[in-house]
file run29.pdb (PDB, C-alpha atoms)
ATOM      1  CA  MET A1322      73.837 147.465 102.243
ATOM      2  CA  VAL A1323      71.248 149.997 103.424
ATOM      3  CA  ILE A1324      70.365 153.014 101.272
ATOM      4  CA  GLN A1325      68.911 155.938 103.209
ATOM      5  CA  LEU A1326      67.663 159.435 102.472
ATOM      6  CA  TRP A1327      69.277 161.917 104.862
ATOM      7  CA  LYS A1328      68.113 165.438 105.690
ATOM      8  CA  ARG A1329      70.306 168.110 107.200
ATOM      9  CA  LYS A1330      69.273 171.640 108.145
ATOM     10  CA  ASN A1331      71.072 174.504 106.457
ATOM     11  CA  TYR A1332      72.835 177.240 108.440
ATOM     12  CA  ASN A1333      69.714 179.420 108.695
ATOM     13  CA  LYS A1334      67.538 176.407 109.613
ATOM     14  CA  THR A1335      65.000 177.232 106.893
ATOM     15  CA  LYS A1336      65.708 174.326 104.542
ATOM     16  CA  TYR A1337      66.740 170.682 104.565
ATOM     17  CA  ASN A1338      69.649 169.729 102.302
ATOM     18  CA  LEU A1339      69.116 166.181 101.031
ATOM     19  CA  TYR A1340      71.698 163.397 100.785
ATOM     20  CA  LEU A1341      71.801 159.742  99.779
ATOM     21  CA  ARG A1342      73.644 157.561 102.269
ATOM     22  CA  TYR A1343      74.973 154.070 101.542
ATOM     23  CA  ARG A1344      75.724 152.202 104.775
ATOM     24  CA  ALA A1345      77.307 148.772 105.058
ATOM     25  CA  ASN A1346      77.728 149.008 108.850
ATOM     26  CA  GLN A1347      78.356 151.588 111.568
ATOM     27  CA  ASN A1348      81.928 152.169 110.397
ATOM     28  CA  LYS A1349      81.549 152.023 106.631
ATOM     29  CA  ALA A1350      79.341 154.459 104.789
ATOM     30  CA  LYS A1351      79.302 156.838 101.870
ATOM     31  CA  VAL A1352      77.191 159.985 101.605
ATOM     32  CA  GLU A1353      76.320 161.721  98.335
ATOM     33  CA  SER A1354      74.624 165.086  97.960
ATOM     34  CA  LEU A1355      71.458 164.951  95.838
ATOM     35  CA  LYS A1356      71.775 168.706  95.193
ATOM     36  CA  LEU A1357      68.145 168.958  96.286
ATOM     37  CA  TRP A1358      66.527 170.733  99.194
ATOM     38  CA  GLU A1359      63.100 171.213 100.747
ATOM     39  CA  TRP A1360      61.503 173.815 102.989
ATOM     40  CA  ILE A1361      61.396 172.918 106.689
ATOM     41  CA  ARG A1362      58.177 174.868 107.265
ATOM     42  CA  PRO A1363      56.520 175.666 103.920
ATOM     43  CA  GLN A1364      54.639 178.963 104.162
ATOM     44  CA  ASN A1365      52.587 178.953 100.949
ATOM     45  CA  ASP A1366      51.358 176.753  98.100
ATOM     46  CA  ILE A1367      54.496 177.355  96.008
ATOM     47  CA  GLN A1368      56.744 176.065  98.793
ATOM     48  CA  LYS A1369      54.392 173.150  99.525
ATOM     49  CA  ASN A1370      54.358 172.162  95.823
ATOM     50  CA  HIS A1371      58.152 172.391  95.759
ATOM     51  CA  ASN A1372      58.394 169.998  98.721
ATOM     52  CA  GLU A1373      55.970 167.561  97.109
ATOM     53  CA  GLU A1374      57.920 167.541  93.836
ATOM     54  CA  VAL A1375      61.173 166.977  95.723
ATOM     55  CA  ARG A1376      59.588 164.157  97.749
ATOM     56  CA  VAL A1377      58.503 162.363  94.552
ATOM     57  CA  SER A1378      61.953 162.867  92.993
ATOM     58  CA  CYS A1379      63.750 161.541  96.065
ATOM     59  CA  LYS A1380      61.513 158.484  96.221
ATOM     60  CA  GLU A1381      62.405 157.678  92.626
ATOM     61  CA  ILE A1382      66.130 158.324  93.199
ATOM     62  CA  VAL A1383      66.206 155.935  96.165
ATOM     63  CA  ARG A1384      64.262 153.305  94.187
ATOM     64  CA  ARG A1385      66.670 153.496  91.254
ATOM     65  CA  ALA A1386      69.725 153.430  93.514
ATOM     66  CA  LYS A1387      68.469 150.260  95.224
ATOM     67  CA  ASP A1388      67.543 148.666  91.906
ATOM     68  CA  ASP A1389      70.936 149.457  90.327
ATOM     69  CA  LEU A1390      72.760 148.087  93.351
ATOM     70  CA  GLU A1391      70.699 144.883  93.534
ATOM     71  CA  ASN A1392      71.148 144.204  89.810
ATOM     72  CA  ASN A1393      74.868 145.001  89.829
ATOM     73  CA  ARG A1394      74.490 148.004  87.546
ATOM     74  CA  SER A1395      76.399 150.103  90.076
ATOM     75  CA  SER A1396      78.951 149.508  92.797
ATOM     76  CA  ILE A1397      79.742 151.582  95.854
ATOM     77  CA  LYS A1398      83.279 151.938  97.116
ATOM     78  CA  LEU A1399      82.996 152.872 100.746
ATOM     79  CA  GLU A1400      86.595 153.826 101.353
ATOM     80  CA  GLU A1401      87.624 155.965  98.429
ATOM     81  CA  PRO A1402      90.626 158.062  99.567
ATOM     82  CA  LYS A1403      89.200 161.285  98.111
ATOM     83  CA  THR A1404      85.789 160.839  99.724
ATOM     84  CA  TYR A1405      87.275 160.292 103.173
ATOM     85  CA  GLN A1406      89.873 163.025 103.040
ATOM     86  CA  PHE A1407      89.100 165.389 105.908
ATOM     87  CA  LYS A1408      89.330 168.550 103.791
ATOM     88  CA  ASN A1409      86.783 167.290 101.243
ATOM     89  CA  LEU A1410      84.306 166.251 103.904
ATOM     90  CA  PHE A1411      84.807 169.513 105.814
ATOM     91  CA  TYR A1412      83.811 171.539 102.753
ATOM     92  CA  GLU A1413      81.034 169.216 101.576
ATOM     93  CA  PHE A1414      79.215 169.039 104.895
ATOM     94  CA  SER A1415      80.064 172.424 106.350
ATOM     95  CA  ASN A1416      77.153 174.053 108.188
ATOM     96  CA  ILE A1417      78.804 177.479 108.617
ATOM     97  CA  ASN A1418      78.906 180.549 106.377
ATOM     98  CA  ASN A1419      82.644 181.250 106.535
ATOM     99  CA  THR A1420      83.964 177.792 105.576
ATOM    100  CA  ASN A1421      86.973 179.007 103.585
ATOM    101  CA  ALA A1422      88.130 181.419 106.276
ATOM    102  CA  VAL A1423      87.802 178.812 109.049
ATOM    103  CA  PHE A1424      89.622 176.054 107.170
ATOM    104  CA  ASP A1425      92.413 178.431 106.096
ATOM    105  CA  PHE A1426      92.776 179.554 109.721
ATOM    106  CA  ILE A1427      93.132 175.964 110.974
ATOM    107  CA  LYS A1428      95.544 175.168 108.132
ATOM    108  CA  GLN A1429      97.760 178.077 109.206
ATOM    109  CA  ILE A1430      97.905 176.535 112.657
ATOM    110  CA  ASP A1431      98.741 173.033 111.371
ATOM    111  CA  GLU A1432      99.258 172.301 107.663
ATOM    112  CA  GLN A1433      98.533 168.589 108.057
ATOM    113  CA  VAL A1434      94.764 169.235 108.021
ATOM    114  CA  GLU A1435      95.158 169.797 104.264
ATOM    115  CA  THR A1436      95.948 166.130 103.609
ATOM    116  CA  ILE A1437      94.926 164.002 106.603
ATOM    117  CA  SER A1438      92.257 161.319 106.546
ATOM    118  CA  ILE A1439      89.021 161.843 108.451
ATOM    119  CA  LYS A1440      90.134 158.999 110.734
ATOM    120  CA  LYS A1441      92.945 161.216 112.043
ATOM    121  CA  ILE A1442      90.474 163.546 113.764
ATOM    122  CA  ASN A1443      90.919 162.550 117.392
ATOM    123  CA  GLN A1444      91.439 163.992 120.869
ATOM    124  CA  LYS A1445      95.194 164.282 120.470
ATOM    125  CA  LEU A1446      94.948 166.284 117.241
ATOM    126  CA  LEU A1447      92.308 168.682 118.567
ATOM    127  CA  GLU A1448      94.187 169.315 121.813
ATOM    128  CA  SER A1449      97.329 169.978 119.760
ATOM    129  CA  LEU A1450      95.491 172.479 117.549
ATOM    130  CA  LYS A1451      93.979 174.183 120.592
ATOM    131  CA  ASN A1452      97.352 174.506 122.337
ATOM    132  CA  LYS A1453      98.986 175.929 119.205
ATOM    133  CA  ILE A1454      96.199 178.495 118.804
ATOM    134  CA  GLU A1455      96.502 179.613 122.430
ATOM    135  CA  GLU A1456     100.278 179.906 122.025
ATOM    136  CA  ARG A1457      99.788 182.130 118.967
ATOM    137  CA  ILE A1458      97.397 184.296 120.978
ATOM    138  CA  ARG A1459      99.897 184.668 123.815
ATOM    139  CA  SER A1460     102.587 185.706 121.340
ATOM    140  CA  LYS A1461     100.085 188.209 119.878
ATOM    141  CA  ASP A1462     100.248 186.703 116.393
ATOM    142  CA  ILE A1463      96.450 186.436 116.318
ATOM    143  CA  LYS A1464      93.574 188.020 118.226
ATOM    144  CA  GLY A1465      91.923 185.924 120.903
ATOM    145  CA  SER A1466      88.386 186.903 119.917
ATOM    146  CA  THR A1467      88.946 185.993 116.259
ATOM    147  CA  ALA A1468      90.661 182.713 117.121
ATOM    148  CA  SER A1469      87.885 181.740 119.542
ATOM    149  CA  LYS A1470      85.207 182.432 116.907
ATOM    150  CA  TYR A1471      86.979 180.360 114.228
ATOM    151  CA  TRP A1472      87.648 177.525 116.672
ATOM    152  CA  ASN A1473      83.978 177.323 117.632
ATOM    153  CA  ASN A1474      82.984 177.355 113.946
ATOM    154  CA  PHE A1475      85.511 174.604 113.261
ATOM    155  CA  LYS A1476      83.999 172.482 116.029
ATOM    156  CA  SER A1477      80.511 173.093 114.619
ATOM    157  CA  VAL A1478      81.507 171.385 111.372
ATOM    158  CA  LEU A1479      83.055 168.465 113.295
ATOM    159  CA  ILE A1480      79.827 168.046 115.248
ATOM    160  CA  ASN A1481      77.917 167.986 111.964
ATOM    161  CA  LEU A1482      80.276 165.338 110.546
ATOM    162  CA  ASN A1483      79.792 163.345 113.717
ATOM    163  CA  LYS A1484      75.999 163.478 113.301
ATOM    164  CA  LEU A1485      76.480 162.048 109.815
ATOM    165  CA  LYS A1486      78.607 159.318 111.427
ATOM    166  CA  LEU A1487      81.559 160.321 109.243
ATOM    167  CA  CYS A1488      83.932 161.024 112.092
ATOM    168  CA  LYS A1489      84.282 160.893 115.847
ATOM    169  CA  TYR A1490      83.946 164.098 117.815
ATOM    170  CA  PRO A1491      86.221 164.175 120.851
ATOM    171  CA  LYS A1492      84.836 166.879 123.109
ATOM    172  CA  THR A1493      87.339 169.712 123.276
ATOM    173  CA  ARG A1494      87.185 172.898 125.335
ATOM    174  CA  GLY A1495      86.986 176.374 123.878
ATOM    175  CA  ILE A1496      89.967 178.667 123.395
ATOM    176  CA  THR A1497      91.287 180.226 126.614
ATOM    177  CA  TYR A1498      92.632 183.764 126.350
ATOM    178  CA  VAL A1499      92.762 187.039 128.248
ATOM    179  CA  ASP A1500      90.667 189.650 126.479
ATOM    180  CA  GLU A1501      92.700 192.820 126.131
ATOM    181  CA  LYS A1502      90.726 195.878 127.146
ATOM    182  CA  LYS A1503      90.723 198.603 124.529
ATOM    183  CA  PRO A1504      91.865 202.013 125.794
ATOM    184  CA  VAL A1505      88.994 204.390 126.532
ATOM    185  CA  LYS A1506      88.889 207.258 124.062
ATOM    186  CA  VAL A1507      87.264 210.642 124.654
ATOM    187  CA  PHE A1508      86.773 213.813 122.672
ATOM    188  CA  TYR A1509      88.715 216.726 124.128
ATOM    189  CA  ASP A1510      87.190 220.197 124.444
ATOM    190  CA  ARG A1511      89.322 221.500 121.583
ATOM    191  CA  GLU A1512      88.050 218.695 119.336
ATOM    192  CA  ILE A1513      84.428 219.398 120.221
ATOM    193  CA  GLU A1514      84.989 223.075 119.479
ATOM    194  CA  LYS A1515      86.501 222.169 116.100
ATOM    195  CA  ILE A1516      83.397 220.141 115.237
ATOM    196  CA  LYS A1517      81.126 223.006 116.362
ATOM    197  CA  SER A1518      83.012 225.724 114.509
ATOM    198  CA  SER A1519      83.940 223.901 111.298
ATOM    199  CA  ASN A1520      81.807 223.957 108.161
ATOM    200  CA  THR A1521      79.957 220.724 108.990
ATOM    201  CA  LYS A1522      76.392 221.910 109.596
ATOM    202  CA  LYS A1523      75.150 219.873 106.631
ATOM    203  CA  ASN A1524      76.443 216.667 108.211
ATOM    204  CA  ILE A1525      73.372 214.949 109.715
ATOM    205  CA  LEU A1526      75.404 213.539 112.628
ATOM    206  CA  ARG A1527      76.928 216.816 113.778
ATOM    207  CA  ASP A1528      74.134 217.934 116.135
ATOM    208  CA  PRO A1529      73.202 214.414 117.363
ATOM    209  CA  PHE A1530      76.877 213.810 118.181
ATOM    210  CA  LEU A1531      77.203 217.071 120.111
ATOM    211  CA  PHE A1532      73.970 216.254 121.957
ATOM    212  CA  SER A1533      75.496 212.901 122.969
ATOM    213  CA  CYS A1534      78.680 214.589 124.200
ATOM    214  CA  TYR A1535      76.733 217.030 126.380
ATOM    215  CA  THR A1536      74.018 214.690 127.681
ATOM    216  CA  GLY A1537      75.431 211.146 127.455
ATOM    217  CA  THR A1538      72.454 210.047 125.325
ATOM    218  CA  LYS A1539      73.188 206.980 123.207
ATOM    219  CA  LEU A1540      72.651 207.074 119.459
ATOM    220  CA  LYS A1541      70.044 204.278 119.583
ATOM    221  CA  ILE A1542      67.895 206.544 121.813
ATOM    222  CA  ILE A1543      68.569 209.675 119.774
ATOM    223  CA  GLU A1544      67.309 207.855 116.662
ATOM    224  CA  HIS A1545      63.894 207.456 118.333
ATOM    225  CA  LEU A1546      63.631 210.925 119.876
ATOM    226  CA  LYS A1547      60.461 212.817 119.029
ATOM    227  CA  TRP A1548      59.534 216.337 120.065
ATOM    228  CA  GLY A1549      57.021 214.893 122.485
ATOM    229  CA  ASN A1550      59.994 213.459 124.424
ATOM    230  CA  ILE A1551      61.504 216.924 125.031
ATOM    231  CA  LYS A1552      60.026 218.566 128.112
ATOM    232  CA  ARG A1553      60.692 221.435 130.530
ATOM    233  CA  ASN A1554      59.917 221.527 134.255
ATOM    234  CA  THR A1555      58.813 224.435 136.409
ATOM    235  CA  ASP A1556      62.448 225.414 137.007
ATOM    236  CA  LYS A1557      62.858 225.768 133.232
ATOM    237  CA  ILE A1558      65.186 222.781 133.106
ATOM    238  CA  TYR A1559      64.935 220.833 129.856
ATOM    239  CA  PHE A1560      65.000 217.055 129.875
ATOM    240  CA  VAL A1561      64.444 214.022 127.677
ATOM    241  CA  ASP A1562      61.593 211.771 128.800
ATOM    242  CA  ILE A1563      61.489 208.567 126.736
ATOM    243  CA  ILE A1564      60.790 204.854 127.097
ATOM    244  CA  TYR A1565      63.176 202.755 125.042
ATOM    245  CA  GLY A1566      62.866 198.983 125.216
ATOM    246  CA  ASN A1567      61.514 198.289 128.685
ATOM    247  CA  LYS A1568      63.358 201.140 130.353
ATOM    248  CA  LYS A1569      62.403 204.745 131.027
ATOM    249  CA  TYR A1570      65.072 207.410 130.502
ATOM    250  CA  ILE A1571      65.059 210.886 132.087
ATOM    251  CA  ILE A1572      67.998 212.911 130.760
ATOM    252  CA  PRO A1573      68.330 216.575 131.840
ATOM    253  CA  PHE A1574      70.242 219.123 129.766
ATOM    254  CA  LYS A1575      71.009 222.833 129.828
ATOM    255  CA  LYS A1576      69.260 225.593 127.916
ATOM    256  CA  GLU A1577      72.298 226.093 125.660
ATOM    257  CA  ILE A1578      72.064 222.432 124.551
ATOM    258  CA  ARG A1579      68.426 222.964 123.591
ATOM    259  CA  LYS A1580      69.648 225.093 120.653
ATOM    260  CA  LEU A1581      71.137 221.966 119.026
ATOM    261  CA  LEU A1582      67.625 220.585 118.562
ATOM    262  CA  GLY A1583      66.395 223.442 116.386
ATOM    263  CA  ARG A1584      62.878 224.845 116.164
ATOM    264  CA  ARG A1585      60.203 222.803 117.882
ATOM    265  CA  LYS A1586      57.760 220.859 115.732
ATOM    266  CA  THR A1587      54.720 218.712 116.510
ATOM    267  CA  ASP A1588      55.096 216.027 119.174
ATOM    268  CA  GLU A1589      55.128 213.145 116.648
ATOM    269  CA  ASN A1590      57.953 214.576 114.533
ATOM    270  CA  TYR A1591      61.407 213.065 114.938
ATOM    271  CA  ILE A1592      64.009 215.549 116.147
ATOM    272  CA  PHE A1593      66.890 214.233 114.038
ATOM    273  CA  LYS A1594      66.596 212.709 110.569
ATOM    274  CA  LEU A1595      69.222 209.987 110.678
ATOM    275  CA  ILE A1596      70.450 207.427 108.139
ATOM    276  CA  LYS A1597      69.065 203.962 108.765
ATOM    277  CA  SER A1598      72.083 202.059 107.391
ATOM    278  CA  LYS A1599      74.726 201.578 110.105
ATOM    279  CA  LYS A1600      77.433 201.334 107.420
ATOM    280  CA  ASN A1601      76.474 204.703 105.936
ATOM    281  CA  MET A1602      76.193 206.128 109.450
ATOM    282  CA  SER A1603      79.815 205.165 110.126
ATOM    283  CA  LYS A1604      80.920 206.760 106.854
ATOM    284  CA  GLU A1605      79.027 209.931 107.705
ATOM    285  CA  PHE A1606      80.637 210.148 111.143
ATOM    286  CA  TYR A1607      84.103 209.510 109.688
ATOM    287  CA  LYS A1608      83.477 212.381 107.247
ATOM    288  CA  LEU A1609      82.406 214.629 110.128
ATOM    289  CA  LEU A1610      85.683 214.002 111.986
ATOM    290  CA  LYS A1611      87.809 214.324 108.865
ATOM    291  CA  ASP A1612      86.197 217.602 107.791
ATOM    292  CA  SER A1613      86.710 218.917 111.336
ATOM    293  CA  ASN A1614      90.368 217.825 111.390
ATOM    294  CA  VAL A1615      89.710 215.558 114.405
ATOM    295  CA  ASP A1616      91.205 212.109 115.139
ATOM    296  CA  THR A1617      89.289 209.780 112.777
ATOM    297  CA  SER A1618      90.091 206.648 114.797
ATOM    298  CA  LYS A1619      87.474 207.676 117.356
ATOM    299  CA  LYS A1620      83.915 206.374 117.239
ATOM    300  CA  TYR A1621      80.512 207.912 117.852
ATOM    301  CA  SER A1622      80.219 205.844 121.041
ATOM    302  CA  ASP A1623      83.217 207.733 122.442
ATOM    303  CA  ALA A1624      80.845 210.667 122.902
ATOM    304  CA  ILE A1625      79.372 208.729 125.842
ATOM    305  CA  ASN A1626      82.862 208.284 127.323
ATOM    306  CA  THR A1627      83.374 212.033 126.907
ATOM    307  CA  PHE A1628      80.208 212.824 128.888
ATOM    308  CA  VAL A1629      81.087 210.328 131.637
ATOM    309  CA  MET A1630      84.603 211.748 132.072
ATOM    310  CA  LYS A1631      83.203 215.243 132.501
ATOM    311  CA  THR A1632      80.604 214.360 135.122
TER     312      THR A1632
END
call {"tool": "encode", "arguments": {"input": "run29.pdb", "output": "structure tokens"}}
result
Amino acid sequence: MVIQLWKRKNYNKTKYNLYLRYRANQNKAKVESLKLWEWIRPQNDIQKNHNEEVRVSCKEIVRRAKDDLENNRSSIKLEEPKTYQFKNLFYEFSNINNTNAVFDFIKQIDEQVETISIKKINQKLLESLKNKIEERIRSKDIKGSTASKYWNNFKSVLINLNKLKLCKYPKTRGITYVDEKKPVKVFYDREIEKIKSSNTKKNILRDPFLFSCYTGTKLKIIEHLKWGNIKRNTDKIYFVDIIYGNKKYIIPFKKEIRKLLGRRKTDENYIFKLIKSKKNMSKEFYKLLKDSNVDTSKKYSDAINTFVMKT
């Protein structure tokens, strides 16, 4: 019997998780987690020392395992039912972050995955699971995008098990579904007037949102707007002049819209002071709509749709 030290990258590919693998032949093996890990690319002395300590420990663990096996102080059962149950191996060697959600999703599709042996993972089973998922999508029991994501995550774990030579991986196609287009939402004139006239001036998204409705400027650009980006030509037409990413944007707007920007400051000052957290930004926009008695199911991005529909 061969005793090997196995390394497997974690999900973020920053560390190696370490395992001890007992292999009698290509078809019979047992893998045990050492509950140890090492840095893939140590960045400092602390990480390098950690790796060195782990290397010494692993060397001793392998030596003892070989010695115990050779002197009959331990025995390895290569086909323990619990070890080779698919569910146990799926959880033990999962390389995804949402293991519970993915396994529960597959179990809802076919309950037999709860109890089957790893040997039952074959082309027929995977095709059956795939067909059942697609049928559930067609009957609108589940969303196609969610199902496709979970299916791909499920296959990622199977590929990992295959690399460990714990199961076969019959190549199976991705989930096929027709992506339903969400209806385009816009803000009506009466809703925009409600937001303008209601007591929401203290809401930091009020003026940026109105600016988006009137100019079609996306929030990601508005976040980077400085006073140096606001210019006026010889015809007294105001416009935004900004480079964002690798693209230059020229966005004209009327004199009335200029009032939303407030009093001019130095060129390096940001025009709008916006929250950095996207989660808090969403909460702030929801509050803006609620306080204005406007449909709260709409999103900030619908301001762009509003501009497009009016031009």
call {"tool": "resolve_selection", "arguments": {"input": "run29.pdb", "expression": "the PyMOL selection byres ((chain A and resi 1624) around 7)", "output": "PDB file with C-alpha atoms, keeping the file's coordinate frame"}}
result
ATOM      1  CA  VAL A1507      87.264 210.642 124.654  1.00  0.00           C
ATOM      2  CA  PHE A1508      86.773 213.813 122.672  1.00  0.00           C
ATOM      3  CA  PHE A1530      76.877 213.810 118.181  1.00  0.00           C
ATOM      4  CA  SER A1533      75.496 212.901 122.969  1.00  0.00           C
ATOM      5  CA  CYS A1534      78.680 214.589 124.200  1.00  0.00           C
ATOM      6  CA  TYR A1621      80.512 207.912 117.852  1.00  0.00           C
ATOM      7  CA  SER A1622      80.219 205.844 121.041  1.00  0.00           C
ATOM      8  CA  ASP A1623      83.217 207.733 122.442  1.00  0.00           C
ATOM      9  CA  ILE A1625      79.372 208.729 125.842  1.00  0.00           C
ATOM     10  CA  ASN A1626      82.862 208.284 127.323  1.00  0.00           C
ATOM     11  CA  THR A1627      83.374 212.033 126.907  1.00  0.00           C
ATOM     12  CA  PHE A1628      80.208 212.824 128.888  1.00  0.00           C
TER      13      PHE A1628
END
call {"tool": "residues_around", "arguments": {"input": "run29.pdb", "residues": "range 1446-1457 of chain A", "least_positions_apart": "2", "cutoff": "9 Å", "atoms": "only C-alpha atoms", "output": "list in words"}}
result
Ile1427, Ile1430, Asp1431, Lys1441, Ile1442, Asn1443, Gln1444, Arg1459, Ser1460, Lys1461, Asp1462, Ile1463, Lys1464, Gly1465, Ala1468, Ser1469, Trp1472, Pro1491, Lys1492, Thr1493, Arg1494, Gly1495, Ile1496, Thr1497 and Tyr1498 of chain A
call {"tool": "closest_residue", "arguments": {"input": "run29.pdb", "among": "A:Val1499, A:Ile1437, A:Leu1357, A:Val1352", "to": "Asn1331 in chain A", "atoms": "only C-alpha atoms"}}
result
A:Leu1357
call {"tool": "axis_aligned_box", "arguments": {"input": "run29.pdb", "around": "range 1567-1572 of chain A", "padding_each_side": "8 Å", "output": "lines of an AutoDock Vina configuration file"}}
result
center_x = 64.8
center_y = 205.6
center_z = 130.4
size_x = 22.5
size_y = 30.6
size_z = 19.4
call {"tool": "atom_distance", "arguments": {"input": "run29.pdb", "atom1": "CA of Phe1574 in chain A", "atom2": "CA of Asp1562 in chain A"}}
result
11.4 Å
call {"tool": "atom_distance", "arguments": {"input": "run29.pdb", "atom1": "CA of Lys1547 in chain A", "atom2": "CA of Val1561 in chain A"}}
result
9.6 Å
call {"tool": "atom_distance", "arguments": {"input": "run29.pdb", "atom1": "CA of Asn1590 in chain A", "atom2": "CA of Trp1548 in chain A"}}
result
6.0 Å
call {"tool": "resolve_selection", "arguments": {"input": "run29.pdb", "expression": "the PyMOL selection byres ((chain A and resi 1383) around 12)", "output": "ChimeraX atom specification"}}
result
/A:1323-1327,1339-1343,1353,1355,1376-1382,1384-1390
call {"tool": "closest_residue", "arguments": {"input": "run29.pdb", "among": "A:Leu1610, A:Leu1485, A:Ile1361, A:Leu1595", "to": "Glu1514 in chain A", "atoms": "all atoms listed in the file"}}
result
A:Leu1610
call {"tool": "closest_residue", "arguments": {"input": "run29.pdb", "among": "A:Ile1439, A:Val1478, A:Tyr1337, A:Asn1614", "to": "Pro1363 in chain A", "atoms": "only C-alpha atoms"}}
result
A:Tyr1337
call {"tool": "closest_residue", "arguments": {"input": "run29.pdb", "among": "A:Lys1541, A:Thr1536, A:Arg1527, A:Glu1589", "to": "Phe1560 in chain A", "atoms": "all atoms listed in the file"}}
result
A:Thr1536
call {"tool": "residues_around", "arguments": {"input": "run29.pdb", "residues": "Phe1411 in chain A", "least_positions_apart": "3", "cutoff": "9 Å", "atoms": "only C-alpha atoms", "output": "number ranges by chain"}}
result
A: 1406-1408, 1414-1415, 1420, 1424, 1478-1479, 1482
call {"tool": "closest_residue", "arguments": {"input": "run29.pdb", "among": "A:Thr1632, A:Ser1603, A:Asn1392, A:Thr1436", "to": "Ile1525 in chain A", "atoms": "only C-alpha atoms"}}
result
A:Ser1603
call {"tool": "residues_around", "arguments": {"input": "run29.pdb", "residues": "Asp1588 in chain A", "least_positions_apart": "3", "cutoff": "12 Å", "atoms": "only C-alpha atoms", "output": "VMD selection string"}}
result
chain A and resid 1546 to 1552 1585 1591 to 1592
call {"tool": "write_last_selection", "arguments": {"input": "run29.pdb", "atoms": "C-alpha atoms", "output": "mmCIF file, in the frame of the given file"}}
result
data_model
loop_
_atom_site.group_PDB
_atom_site.id
_atom_site.type_symbol
_atom_site.label_atom_id
_atom_site.label_comp_id
_atom_site.auth_asym_id
_atom_site.auth_seq_id
_atom_site.Cartn_x
_atom_site.Cartn_y
_atom_site.Cartn_z
ATOM 1 C CA LEU A 1546 63.631 210.925 119.876
ATOM 2 C CA LYS A 1547 60.461 212.817 119.029
ATOM 3 C CA TRP A 1548 59.534 216.337 120.065
ATOM 4 C CA GLY A 1549 57.021 214.893 122.485
ATOM 5 C CA ASN A 1550 59.994 213.459 124.424
ATOM 6 C CA ILE A 1551 61.504 216.924 125.031
ATOM 7 C CA LYS A 1552 60.026 218.566 128.112
ATOM 8 C CA ARG A 1585 60.203 222.803 117.882
ATOM 9 C CA TYR A 1591 61.407 213.065 114.938
ATOM 10 C CA ILE A 1592 64.009 215.549 116.147
#
call {"tool": "closest_residue", "arguments": {"input": "run29.pdb", "among": "A:Leu1410, A:Cys1488, A:Ile1543, A:Leu1531", "to": "Asp1510 in chain A", "atoms": "all atoms listed in the file"}}
result
A:Leu1531
